[in-house]
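Written below as structure tokens is the structure these notes are about.
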Amino acid sequence: MSGSRTGRPPVQRAVRRPVAPGPSGENPLRTLIVRARRAWDRPLTAYYLILGGSALITVLGLVMVYSASQITALQMSLPGSYFFRKQLLAATIGTVLLLTASRMPVKLHRALAYPILAGAVFLMALVQVPGIGVAVNGNQNWIALGSTFQLQPSEFGKLALVLWGADLLARKQDKRLLSQWKHMLVPLVPAAFMLLGLIMLGGDMGTAIILTAILFGLLWLAGAPTRLFVGVLSIAALLGAILIRTSPNRMARLACLGATEPQTGPADCWQAVHGIYALASGGIFGSGLGASVEKWGQLPEAHTDFIFAVTGEELGLAGTLSVLALFAALGYAGIRVAGRTEDPFVRYAAGGVTTWITAQAVINIGAVLGLLPIAGVPLPLFSYGGSALLPTMFAIGLLIAFAREDPAARMALAMRQPRFGRKRNGGSQRPRRWNTMRRRAPVARSSGER
């Protein structure tokens with residue numbers, strides 16, 4: 001009784017034991033990898049990657065267009081910010097298109113497939129009309145809009161093939177017709193060949209290669225057999241060899257692969273070699289933004305096809321690897337959207353857009369590095385050119401809309417904190433791990449992501 005003033009026995013409290021430290025052999029790198037994989041597997045990962053990656057590429061592209069185009073503008077007796085202002089205007093319009101496309105329902109996207117295809121075919125045929133079509137760098141693929149603006153309809157042909165081809169294959173899959181070769185190839189392949197013919201009439205082989213890559217991507221997603229790809233690739237290689245052999249300009253571009261001197265025989269490899277010079281002089285962190293030497297008249301098309309070389313010279317290896325990482329993240333997000341959906345149209349359209357952007361980036365960067373012939377295609381979202389930027393940003397809006405349509409992504413977006421103080425329903429639910437793109441869950445699960 002002596003241990004308590006109230007006469008009650010003292011309460012026996014549990015003795016606190018010191019918490020044992022974690023095992024000394026625990027690898028912090030392994031823990032970091034586990035946490036990164038959990039964050040990577042969230043339902044909104046693809047949504048954020050597409051939105052953030054495309055925004056960063058576009059903004060960095062605007063900066064590099066301003067830096068790379070100043071000297072070219074001054075040489076043409078134009079203000080130094082001339083090309084930058086035009087690109088900024090195109091990016092502003094493209095942003096409106098992106099936001100519009102990202103908010104449109106899938107049914108409306110499918111309804112726009114045929115009008116966009118018809119408009120693209122009409123404009124691409126209009127290019128060949130004398131007095132309307134304009135030739136730039138030997139390719140007649142432009143339509144003049146006044147004295148300062150030009151439109152390249154073949155860029156909209158890529159978007160038309162993606163939407164129309166995805167809608168066509170989705171309808172045939174719903175009717176279980178894709179198991180037959182004639183339904184898989186007709187009318188998709190003839191329509192693609194029509195677009196390719198209109199493009200090749202103007203001599204633009206680079207855009208034709210991108211369109212062929214989109215066609216192959218759609219056929220692969222539709223489940224075309226391997227022997228079909230072998231046959232089509234063989235025919236495409238034969239036609240490509242004939243087209244290259246019959247064009248001195250294309251033969252000269254092919255001869256510049258691996259060139260280290262501006263003049264190598266009859267071919268003039270000035271552009272290819274000076275692109276390598278720009279990359280080589282950049283080092284690890286570059287010479288500084290705006291401090292490029294090659295853009296002072298040495299490197300042709302510094303703000304369009306070879307803007308990646310100027311980026312390497314001014315921002316160095318760190319800048320070029322950052323651009324590559326952004327495109328890789330954008331490509332992964334597109335594959336993830338296509339792999340996790342149950343809607344055939346979304347799968348084909350997302351796969352077609354991803355093939356388009358990835359193939360065009362690989363061809364452009366490969367040409368700058370001297371690994372591929374110079375095809376004259378811009379770097380998506382990065383190079384100067386409003387005709388290329390507008391349909392590409394609309395296509396990015398498609399990917400964003402498709403990423404939002406994922407059941408788990410819709411649930412995660414719905415669980416966000418409202419703006420006006422209303423409590424979130426189900427906020428106390430435990431977060432659950434969502435399946436990766438390797439498996440598809442039949443029902444949506446709550447992610448708990450904010």
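Residues in the structure tokens are numbered from 1 in each chain, the chains being A, B, ... in the order shown, and ligands are numbered from 1 in the order shown.
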Using only C-alpha atoms, which residues sit within 9 Å of range 357-359 of chain A once same-chain residues fewer than 2 positions away are excluded, as an MDAnalysis selection string? chainID A and resid 209:210 213:214 327:328 330:331 352:355 361:364 379:380 392
Rows by chain and residue number, range 330-400 of chain A within 12 Å of range 104-120 of chain A, shortest pair, only C-alpha atoms, as JSON lines:
```
{"residue": "A:Asp343", "atom": "CA", "partner": "A:Val106", "partner_atom": "CA", "distance": 9.7}
{"residue": "A:Pro344", "atom": "CA", "partner": "A:Val106", "partner_atom": "CA", "distance": 11.1}
{"residue": "A:Phe345", "atom": "CA", "partner": "A:Arg110", "partner_atom": "CA", "distance": 8.1}
{"residue": "A:Val346", "atom": "CA", "partner": "A:Val106", "partner_atom": "CA", "distance": 7.8}
{"residue": "A:Arg347", "atom": "CA", "partner": "A:Val106", "partner_atom": "CA", "distance": 11.6}
{"residue": "A:Tyr348", "atom": "CA", "partner": "A:Arg110", "partner_atom": "CA", "distance": 11.6}
{"residue": "A:Ala349", "atom": "CA", "partner": "A:Arg110", "partner_atom": "CA", "distance": 9.8}
{"residue": "A:Ala350", "atom": "CA", "partner": "A:Val106", "partner_atom": "CA", "distance": 11.7}
{"residue": "A:Pro391", "atom": "CA", "partner": "A:Ile116", "partner_atom": "CA", "distance": 10.8}
{"residue": "A:Phe394", "atom": "CA", "partner": "A:His109", "partner_atom": "CA", "distance": 10.9}
{"residue": "A:Ala395", "atom": "CA", "partner": "A:His109", "partner_atom": "CA", "distance": 10.7}
{"residue": "A:Gly397", "atom": "CA", "partner": "A:Met104", "partner_atom": "CA", "distance": 9.1}
{"residue": "A:Leu398", "atom": "CA", "partner": "A:His109", "partner_atom": "CA", "distance": 8.2}
{"residue": "A:Leu399", "atom": "CA", "partner": "A:Val106", "partner_atom": "CA", "distance": 10.9}
{"residue": "A:Ile400", "atom": "CA", "partner": "A:Met104", "partner_atom": "CA", "distance": 10.2}
```
Selected residues written out, N, CA, C and O atoms, as a compact mmCIF listing (two decimals), in the first residue's frame:
```
# COMPACT_ATOMS: atom_id res chain seq x y z
N ASP A 343 -10.82 -1.03 -75.08
CA ASP A 343 -11.49 -0.46 -76.25
C ASP A 343 -10.58 -0.64 -77.47
O ASP A 343 -9.45 -0.13 -77.49
N PRO A 344 -11.03 -1.34 -78.51
CA PRO A 344 -10.16 -1.54 -79.68
C PRO A 344 -9.74 -0.24 -80.36
O PRO A 344 -8.59 -0.10 -80.77
N PHE A 345 -10.66 0.72 -80.46
CA PHE A 345 -10.31 1.99 -81.11
C PHE A 345 -9.21 2.70 -80.33
O PHE A 345 -8.26 3.23 -80.93
N VAL A 346 -9.33 2.74 -79.01
CA VAL A 346 -8.30 3.39 -78.19
C VAL A 346 -6.97 2.69 -78.36
O VAL A 346 -5.92 3.34 -78.46
N ARG A 347 -6.97 1.37 -78.40
CA ARG A 347 -5.72 0.63 -78.55
C ARG A 347 -5.06 0.95 -79.89
O ARG A 347 -3.85 1.23 -79.96
N TYR A 348 -5.83 0.93 -80.98
CA TYR A 348 -5.25 1.19 -82.29
C TYR A 348 -4.81 2.65 -82.43
O TYR A 348 -3.73 2.94 -82.98
N ALA A 349 -5.64 3.57 -81.96
CA ALA A 349 -5.28 4.98 -82.09
C ALA A 349 -4.07 5.34 -81.23
O ALA A 349 -3.17 6.05 -81.68
N ALA A 350 -4.04 4.87 -79.99
CA ALA A 350 -2.89 5.15 -79.12
C ALA A 350 -1.62 4.52 -79.68
O ALA A 350 -0.55 5.13 -79.67
N PRO A 391 -0.91 19.13 -85.85
CA PRO A 391 -1.47 17.77 -85.75
C PRO A 391 -0.80 16.93 -84.68
O PRO A 391 -1.46 16.06 -84.09
N PHE A 394 -2.47 17.82 -81.42
CA PHE A 394 -3.80 17.22 -81.38
C PHE A 394 -3.69 15.72 -81.06
O PHE A 394 -4.50 15.17 -80.30
N ALA A 395 -2.68 15.06 -81.63
CA ALA A 395 -2.47 13.64 -81.34
C ALA A 395 -2.09 13.43 -79.88
O ALA A 395 -2.51 12.44 -79.25
N GLY A 397 -3.16 15.28 -77.49
CA GLY A 397 -4.44 15.41 -76.81
C GLY A 397 -5.25 14.11 -76.86
O GLY A 397 -5.95 13.77 -75.90
N LEU A 398 -5.15 13.38 -77.97
CA LEU A 398 -5.79 12.07 -78.05
C LEU A 398 -5.25 11.14 -76.97
O LEU A 398 -6.01 10.46 -76.27
N LEU A 399 -3.93 11.08 -76.84
CA LEU A 399 -3.33 10.20 -75.83
C LEU A 399 -3.77 10.60 -74.42
O LEU A 399 -4.02 9.73 -73.57
N ILE A 400 -3.85 11.90 -74.16
CA ILE A 400 -4.29 12.35 -72.83
C ILE A 400 -5.74 11.93 -72.58
O ILE A 400 -6.09 11.46 -71.49
```
Shell around Ile396 in chain A at 12 Å using only C-alpha atoms, local window under 4 positions removed, as an MDAnalysis selection string: chainID A and resid 46:47 49:55 57:58 94:103 159 330:331 333:334 349:354 356:357 380:381 389:392 400:403
Any idea what's packed within 7 Å of range 252-255 of chain A, counting only C-alpha atoms, ignoring anything in its chain fewer than 3 positions away? Could you give it as a list in words?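 Non-adjacent residues within range: Pro248, Asn249, Ala267, Pro373 and Ile374 of chain A.
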Sel. of strand (DSSP E or B) residues, range 101-295 of chain A, as a PyMOL selection string: chain A and resi 133-136+139-145+149-151+263-264+267-268
What are the DSSP alpha helix (DSSP H) residues of range 196-318 of chain A, as an mmCIF file with N, CA, C and O atoms, in the first residue's frame?
```cif
data_model
loop_
_atom_site.group_PDB
_atom_site.id
_atom_site.type_symbol
_atom_site.label_atom_id
_atom_site.label_comp_id
_atom_site.auth_asym_id
_atom_site.auth_seq_id
_atom_site.Cartn_x
_atom_site.Cartn_y
_atom_site.Cartn_z
ATOM 1 N N LEU A 196 0.255 7.728 -99.620
ATOM 2 C CA LEU A 196 1.676 7.667 -99.959
ATOM 3 C C LEU A 196 1.932 8.172 -101.373
ATOM 4 O O LEU A 196 2.930 8.864 -101.632
ATOM 5 N N GLY A 197 1.036 7.829 -102.314
ATOM 6 C CA GLY A 197 1.208 8.306 -103.679
ATOM 7 C C GLY A 197 1.114 9.815 -103.783
ATOM 8 O O GLY A 197 1.906 10.449 -104.492
ATOM 9 N N LEU A 198 0.158 10.418 -103.049
ATOM 10 C CA LEU A 198 0.034 11.876 -103.068
ATOM 11 C C LEU A 198 1.268 12.540 -102.454
ATOM 12 O O LEU A 198 1.692 13.609 -102.907
ATOM 13 N N ILE A 199 1.835 11.908 -101.428
ATOM 14 C CA ILE A 199 3.043 12.469 -100.812
ATOM 15 C C ILE A 199 4.243 12.343 -101.740
ATOM 16 O O ILE A 199 5.022 13.288 -101.922
ATOM 17 N N MET A 200 4.387 11.178 -102.379
ATOM 18 C CA MET A 200 5.538 10.956 -103.241
ATOM 19 C C MET A 200 5.462 11.776 -104.522
ATOM 20 O O MET A 200 6.491 12.009 -105.169
ATOM 21 N N LEU A 201 4.279 12.211 -104.922
ATOM 22 C CA LEU A 201 4.178 13.112 -106.063
ATOM 23 C C LEU A 201 4.942 14.405 -105.807
ATOM 24 O O LEU A 201 5.472 15.021 -106.745
ATOM 25 N N MET A 205 10.013 11.964 -99.361
ATOM 26 C CA MET A 205 10.161 10.570 -98.967
ATOM 27 C C MET A 205 10.183 10.415 -97.449
ATOM 28 O O MET A 205 9.794 9.371 -96.924
ATOM 29 N N GLY A 206 10.619 11.438 -96.724
ATOM 30 C CA GLY A 206 10.669 11.347 -95.262
ATOM 31 C C GLY A 206 9.288 11.166 -94.662
ATOM 32 O O GLY A 206 9.073 10.291 -93.815
ATOM 33 N N THR A 207 8.325 11.986 -95.094
ATOM 34 C CA THR A 207 6.959 11.844 -94.603
ATOM 35 C C THR A 207 6.355 10.521 -95.030
ATOM 36 O O THR A 207 5.568 9.915 -94.289
ATOM 37 N N ALA A 208 6.721 10.044 -96.227
ATOM 38 C CA ALA A 208 6.225 8.745 -96.688
ATOM 39 C C ALA A 208 6.717 7.615 -95.781
ATOM 40 O O ALA A 208 5.983 6.656 -95.515
ATOM 41 N N ILE A 209 7.942 7.712 -95.293
ATOM 42 C CA ILE A 209 8.471 6.690 -94.382
ATOM 43 C C ILE A 209 7.683 6.684 -93.077
ATOM 44 O O ILE A 209 7.360 5.623 -92.532
ATOM 45 N N ILE A 210 7.358 7.866 -92.561
ATOM 46 C CA ILE A 210 6.585 7.947 -91.322
ATOM 47 C C ILE A 210 5.195 7.350 -91.526
ATOM 48 O O ILE A 210 4.679 6.609 -90.676
ATOM 49 N N LEU A 211 4.572 7.644 -92.653
ATOM 50 C CA LEU A 211 3.244 7.105 -92.940
ATOM 51 C C LEU A 211 3.288 5.577 -93.060
ATOM 52 O O LEU A 211 2.376 4.877 -92.601
ATOM 53 N N THR A 212 4.362 5.056 -93.658
ATOM 54 C CA THR A 212 4.521 3.605 -93.749
ATOM 55 C C THR A 212 4.689 2.986 -92.362
ATOM 56 O O THR A 212 4.142 1.906 -92.080
ATOM 57 N N ALA A 213 5.430 3.658 -91.490
ATOM 58 C CA ALA A 213 5.597 3.157 -90.124
ATOM 59 C C ALA A 213 4.261 3.117 -89.383
ATOM 60 O O ALA A 213 3.976 2.165 -88.636
ATOM 61 N N ILE A 214 3.419 4.123 -89.586
ATOM 62 C CA ILE A 214 2.086 4.125 -88.953
ATOM 63 C C ILE A 214 1.258 2.954 -89.465
ATOM 64 O O ILE A 214 0.571 2.272 -88.689
ATOM 65 N N LEU A 215 1.312 2.711 -90.775
ATOM 66 C CA LEU A 215 0.573 1.588 -91.355
ATOM 67 C C LEU A 215 1.036 0.263 -90.754
ATOM 68 O O LEU A 215 0.214 -0.587 -90.379
ATOM 69 N N PHE A 216 2.345 0.070 -90.643
ATOM 70 C CA PHE A 216 2.866 -1.161 -90.054
ATOM 71 C C PHE A 216 2.457 -1.286 -88.591
ATOM 72 O O PHE A 216 2.155 -2.379 -88.110
ATOM 73 N N GLY A 217 2.448 -0.163 -87.870
ATOM 74 C CA GLY A 217 2.033 -0.203 -86.475
ATOM 75 C C GLY A 217 0.586 -0.627 -86.315
ATOM 76 O O GLY A 217 0.248 -1.433 -85.434
ATOM 77 N N LEU A 218 -0.291 -0.109 -87.162
ATOM 78 C CA LEU A 218 -1.703 -0.495 -87.096
ATOM 79 C C LEU A 218 -1.891 -1.972 -87.444
ATOM 80 O O LEU A 218 -2.669 -2.682 -86.786
ATOM 81 N N LEU A 219 -1.185 -2.452 -88.471
ATOM 82 C CA LEU A 219 -1.299 -3.859 -88.841
ATOM 83 C C LEU A 219 -0.761 -4.771 -87.743
ATOM 84 O O LEU A 219 -1.316 -5.842 -87.476
ATOM 85 N N TRP A 220 0.316 -4.353 -87.096
ATOM 86 C CA TRP A 220 0.876 -5.170 -86.012
ATOM 87 C C TRP A 220 -0.086 -5.243 -84.833
ATOM 88 O O TRP A 220 -0.281 -6.316 -84.254
ATOM 89 N N LEU A 221 -0.715 -4.123 -84.496
ATOM 90 C CA LEU A 221 -1.690 -4.128 -83.409
ATOM 91 C C LEU A 221 -2.923 -4.949 -83.767
ATOM 92 O O LEU A 221 -3.572 -5.524 -82.882
ATOM 93 N N THR A 226 3.446 -12.660 -89.088
ATOM 94 C CA THR A 226 4.811 -12.230 -89.376
ATOM 95 C C THR A 226 5.130 -12.315 -90.854
ATOM 96 O O THR A 226 5.834 -11.458 -91.405
ATOM 97 N N ARG A 227 4.640 -13.350 -91.520
ATOM 98 C CA ARG A 227 4.943 -13.501 -92.946
ATOM 99 C C ARG A 227 4.381 -12.340 -93.759
ATOM 100 O O ARG A 227 4.934 -11.986 -94.814
ATOM 101 N N LEU A 228 3.299 -11.745 -93.282
ATOM 102 C CA LEU A 228 2.764 -10.583 -93.980
ATOM 103 C C LEU A 228 3.737 -9.412 -93.889
ATOM 104 O O LEU A 228 3.984 -8.717 -94.891
ATOM 105 N N PHE A 229 4.316 -9.193 -92.698
ATOM 106 C CA PHE A 229 5.278 -8.113 -92.535
ATOM 107 C C PHE A 229 6.518 -8.362 -93.370
ATOM 108 O O PHE A 229 7.087 -7.427 -93.954
ATOM 109 N N VAL A 230 6.959 -9.622 -93.443
ATOM 110 C CA VAL A 230 8.139 -9.931 -94.243
ATOM 111 C C VAL A 230 7.880 -9.602 -95.712
ATOM 112 O O VAL A 230 8.713 -8.985 -96.392
ATOM 113 N N GLY A 231 6.698 -9.991 -96.202
ATOM 114 C CA GLY A 231 6.378 -9.697 -97.591
ATOM 115 C C GLY A 231 6.246 -8.213 -97.865
ATOM 116 O O GLY A 231 6.795 -7.699 -98.857
ATOM 117 N N VAL A 232 5.537 -7.491 -96.989
ATOM 118 C CA VAL A 232 5.338 -6.060 -97.199
ATOM 119 C C VAL A 232 6.663 -5.310 -97.065
ATOM 120 O O VAL A 232 6.957 -4.396 -97.847
ATOM 121 N N LEU A 233 7.491 -5.685 -96.085
ATOM 122 C CA LEU A 233 8.790 -5.033 -95.924
ATOM 123 C C LEU A 233 9.693 -5.293 -97.127
ATOM 124 O O LEU A 233 10.455 -4.415 -97.539
ATOM 125 N N SER A 234 9.603 -6.489 -97.685
ATOM 126 C CA SER A 234 10.407 -6.790 -98.872
ATOM 127 C C SER A 234 9.994 -5.910 -100.045
ATOM 128 O O SER A 234 10.841 -5.342 -100.757
ATOM 129 N N ILE A 235 8.676 -5.764 -100.242
ATOM 130 C CA ILE A 235 8.192 -4.907 -101.335
ATOM 131 C C ILE A 235 8.564 -3.446 -101.068
ATOM 132 O O ILE A 235 8.990 -2.728 -101.989
ATOM 133 N N ALA A 236 8.417 -3.012 -99.801
ATOM 134 C CA ALA A 236 8.762 -1.626 -99.468
ATOM 135 C C ALA A 236 10.259 -1.368 -99.662
ATOM 136 O O ALA A 236 10.654 -0.302 -100.155
ATOM 137 N N ALA A 237 11.097 -2.340 -99.287
ATOM 138 C CA ALA A 237 12.537 -2.178 -99.483
ATOM 139 C C ALA A 237 12.890 -2.097 -100.966
ATOM 140 O O ALA A 237 13.754 -1.304 -101.377
ATOM 141 N N LEU A 238 12.220 -2.907 -101.775
ATOM 142 C CA LEU A 238 12.484 -2.875 -103.212
ATOM 143 C C LEU A 238 12.065 -1.537 -103.818
ATOM 144 O O LEU A 238 12.821 -0.921 -104.604
ATOM 145 N N LEU A 239 10.856 -1.061 -103.461
ATOM 146 C CA LEU A 239 10.406 0.233 -103.970
ATOM 147 C C LEU A 239 11.300 1.366 -103.480
ATOM 148 O O LEU A 239 11.615 2.295 -104.236
ATOM 149 N N GLY A 240 11.716 1.280 -102.185
ATOM 150 C CA GLY A 240 12.612 2.304 -101.669
ATOM 151 C C GLY A 240 13.947 2.330 -102.386
ATOM 152 O O GLY A 240 14.504 3.411 -102.673
ATOM 153 N N ALA A 241 14.479 1.147 -102.694
ATOM 154 C CA ALA A 241 15.747 1.091 -103.422
ATOM 155 C C ALA A 241 15.616 1.704 -104.811
ATOM 156 O O ALA A 241 16.518 2.409 -105.289
ATOM 157 N N ILE A 242 14.483 1.432 -105.473
ATOM 158 C CA ILE A 242 14.260 2.009 -106.809
ATOM 159 C C ILE A 242 14.145 3.527 -106.727
ATOM 160 O O ILE A 242 14.744 4.265 -107.540
ATOM 161 N N LEU A 243 13.394 4.013 -105.729
ATOM 162 C CA LEU A 243 13.223 5.461 -105.590
ATOM 163 C C LEU A 243 14.543 6.152 -105.247
ATOM 164 O O LEU A 243 14.819 7.263 -105.714
ATOM 165 N N ILE A 244 15.348 5.511 -104.420
ATOM 166 C CA ILE A 244 16.644 6.107 -104.066
ATOM 167 C C ILE A 244 17.592 6.077 -105.253
ATOM 168 O O ILE A 244 18.315 7.041 -105.532
ATOM 169 N N ARG A 245 17.565 4.960 -105.983
ATOM 170 C CA ARG A 245 18.484 4.806 -107.120
ATOM 171 C C ARG A 245 18.182 5.785 -108.236
ATOM 172 O O ARG A 245 19.092 6.258 -108.939
ATOM 173 N N PRO A 248 19.219 11.410 -107.768
ATOM 174 C CA PRO A 248 20.578 11.781 -107.352
ATOM 175 C C PRO A 248 20.614 12.406 -105.956
ATOM 176 O O PRO A 248 21.585 12.209 -105.214
ATOM 177 N N ASN A 249 19.568 13.158 -105.603
ATOM 178 C CA ASN A 249 19.525 13.782 -104.275
ATOM 179 C C ASN A 249 19.477 12.726 -103.179
ATOM 180 O O ASN A 249 20.202 12.818 -102.178
ATOM 181 N N ARG A 250 18.655 11.695 -103.356
ATOM 182 C CA ARG A 250 18.565 10.641 -102.348
ATOM 183 C C ARG A 250 19.847 9.808 -102.317
ATOM 184 O O ARG A 250 20.269 9.364 -101.246
ATOM 185 N N MET A 251 20.454 9.575 -103.457
ATOM 186 C CA MET A 251 21.717 8.840 -103.487
ATOM 187 C C MET A 251 22.804 9.611 -102.750
ATOM 188 O O MET A 251 23.635 9.018 -102.039
ATOM 189 N N ALA A 252 22.800 10.931 -102.882
ATOM 190 C CA ALA A 252 23.790 11.748 -102.183
ATOM 191 C C ALA A 252 23.586 11.683 -100.678
ATOM 192 O O ALA A 252 24.555 11.634 -99.908
ATOM 193 N N ARG A 253 22.318 11.668 -100.236
ATOM 194 C CA ARG A 253 22.052 11.560 -98.799
ATOM 195 C C ARG A 253 22.505 10.211 -98.258
ATOM 196 O O ARG A 253 23.037 10.117 -97.149
ATOM 197 N N LEU A 254 22.307 9.175 -99.021
ATOM 198 C CA LEU A 254 22.733 7.846 -98.583
ATOM 199 C C LEU A 254 24.249 7.746 -98.532
ATOM 200 O O LEU A 254 24.807 7.061 -97.669
ATOM 201 N N ALA A 255 24.930 8.435 -99.438
ATOM 202 C CA ALA A 255 26.394 8.386 -99.466
ATOM 203 C C ALA A 255 27.026 9.139 -98.305
ATOM 204 O O ALA A 255 28.225 8.966 -98.045
ATOM 205 N N TRP A 270 27.882 18.483 -96.446
ATOM 206 C CA TRP A 270 28.116 19.633 -95.576
ATOM 207 C C TRP A 270 27.191 19.614 -94.361
ATOM 208 O O TRP A 270 27.641 19.774 -93.227
ATOM 209 N N GLN A 271 25.898 19.417 -94.587
ATOM 210 C CA GLN A 271 24.944 19.453 -93.484
ATOM 211 C C GLN A 271 25.173 18.314 -92.505
ATOM 212 O O GLN A 271 25.182 18.523 -91.285
ATOM 213 N N ALA A 272 25.367 17.107 -92.988
ATOM 214 C CA ALA A 272 25.566 15.957 -92.106
ATOM 215 C C ALA A 272 26.825 16.107 -91.267
ATOM 216 O O ALA A 272 26.821 15.840 -90.053
ATOM 217 N N VAL A 273 27.911 16.554 -91.888
ATOM 218 C CA VAL A 273 29.183 16.674 -91.168
ATOM 219 C C VAL A 273 29.131 17.786 -90.137
ATOM 220 O O VAL A 273 29.602 17.633 -89.000
ATOM 221 N N HIS A 274 28.544 18.906 -90.479
ATOM 222 C CA HIS A 274 28.481 20.010 -89.517
ATOM 223 C C HIS A 274 27.491 19.713 -88.384
ATOM 224 O O HIS A 274 27.623 20.279 -87.294
ATOM 225 N N GLY A 275 26.517 18.835 -88.624
ATOM 226 C CA GLY A 275 25.698 18.379 -87.510
ATOM 227 C C GLY A 275 26.518 17.574 -86.505
ATOM 228 O O GLY A 275 26.361 17.733 -85.284
ATOM 229 N N ILE A 276 27.427 16.745 -87.010
ATOM 230 C CA ILE A 276 28.325 15.991 -86.123
ATOM 231 C C ILE A 276 29.283 16.941 -85.411
ATOM 232 O O ILE A 276 29.574 16.771 -84.213
ATOM 233 N N TYR A 277 29.784 17.953 -86.131
ATOM 234 C CA TYR A 277 30.669 18.940 -85.491
ATOM 235 C C TYR A 277 29.965 19.640 -84.326
ATOM 236 O O TYR A 277 30.564 19.888 -83.266
ATOM 237 N N ALA A 278 28.696 19.989 -84.520
ATOM 238 C CA ALA A 278 27.948 20.671 -83.463
ATOM 239 C C ALA A 278 27.808 19.780 -82.230
ATOM 240 O O ALA A 278 28.015 20.231 -81.094
ATOM 241 N N LEU A 279 27.473 18.523 -82.444
ATOM 242 C CA LEU A 279 27.337 17.606 -81.308
ATOM 243 C C LEU A 279 28.675 17.375 -80.619
ATOM 244 O O LEU A 279 28.746 17.300 -79.385
ATOM 245 N N ALA A 280 29.736 17.257 -81.404
ATOM 246 C CA ALA A 280 31.053 16.958 -80.820
ATOM 247 C C ALA A 280 31.599 18.124 -80.007
ATOM 248 O O ALA A 280 32.326 17.915 -79.021
ATOM 249 N N ILE A 307 17.787 20.803 -85.404
ATOM 250 C CA ILE A 307 17.757 21.516 -84.129
ATOM 251 C C ILE A 307 18.339 20.666 -83.004
ATOM 252 O O ILE A 307 18.846 21.188 -82.003
ATOM 253 N N PHE A 308 18.307 19.350 -83.156
ATOM 254 C CA PHE A 308 18.898 18.477 -82.140
ATOM 255 C C PHE A 308 20.411 18.677 -82.080
ATOM 256 O O PHE A 308 21.011 18.563 -80.999
ATOM 257 N N ALA A 309 21.046 18.983 -83.223
ATOM 258 C CA ALA A 309 22.483 19.233 -83.225
ATOM 259 C C ALA A 309 22.817 20.521 -82.478
ATOM 260 O O ALA A 309 23.791 20.583 -81.714
ATOM 261 N N VAL A 310 22.012 21.564 -82.678
ATOM 262 C CA VAL A 310 22.226 22.817 -81.944
ATOM 263 C C VAL A 310 21.987 22.604 -80.452
ATOM 264 O O VAL A 310 22.695 23.166 -79.602
ATOM 265 N N THR A 311 21.015 21.782 -80.110
ATOM 266 C CA THR A 311 20.772 21.460 -78.700
ATOM 267 C C THR A 311 21.994 20.775 -78.093
ATOM 268 O O THR A 311 22.394 21.086 -76.967
ATOM 269 N N GLY A 312 22.587 19.848 -78.824
ATOM 270 C CA GLY A 312 23.788 19.189 -78.314
ATOM 271 C C GLY A 312 24.957 20.129 -78.170
ATOM 272 O O GLY A 312 25.775 19.979 -77.242
ATOM 273 N N GLU A 313 25.069 21.118 -79.056
ATOM 274 C CA GLU A 313 26.186 22.062 -78.961
ATOM 275 C C GLU A 313 26.005 23.028 -77.804
ATOM 276 O O GLU A 313 26.966 23.369 -77.108
ATOM 277 N N GLU A 314 24.775 23.483 -77.568
ATOM 278 C CA GLU A 314 24.555 24.492 -76.534
ATOM 279 C C GLU A 314 24.279 23.884 -75.161
ATOM 280 O O GLU A 314 24.662 24.476 -74.145
ATOM 281 N N LEU A 315 23.613 22.758 -75.100
ATOM 282 C CA LEU A 315 23.271 22.136 -73.823
ATOM 283 C C LEU A 315 24.076 20.875 -73.547
ATOM 284 O O LEU A 315 23.949 20.299 -72.464
ATOM 285 N N GLY A 316 24.851 20.429 -74.511
ATOM 286 C CA GLY A 316 25.752 19.310 -74.293
ATOM 287 C C GLY A 316 25.038 17.966 -74.236
ATOM 288 O O GLY A 316 23.860 17.822 -74.559
ATOM 289 N N LEU A 317 25.813 16.986 -73.768
ATOM 290 C CA LEU A 317 25.270 15.633 -73.647
ATOM 291 C C LEU A 317 24.109 15.592 -72.665
ATOM 292 O O LEU A 317 23.150 14.834 -72.858
ATOM 293 N N ALA A 318 24.169 16.401 -71.616
ATOM 294 C CA ALA A 318 23.083 16.425 -70.636
ATOM 295 C C ALA A 318 21.774 16.868 -71.287
ATOM 296 O O ALA A 318 20.706 16.306 -71.026
#
```
Quick one: pull the distance between CA of His303 in chain A and CA of Phe382 in chain A, Å, one decimal.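 Going from CA of His303 in chain A over to CA of Phe382 in chain A covers 9.3 Å.
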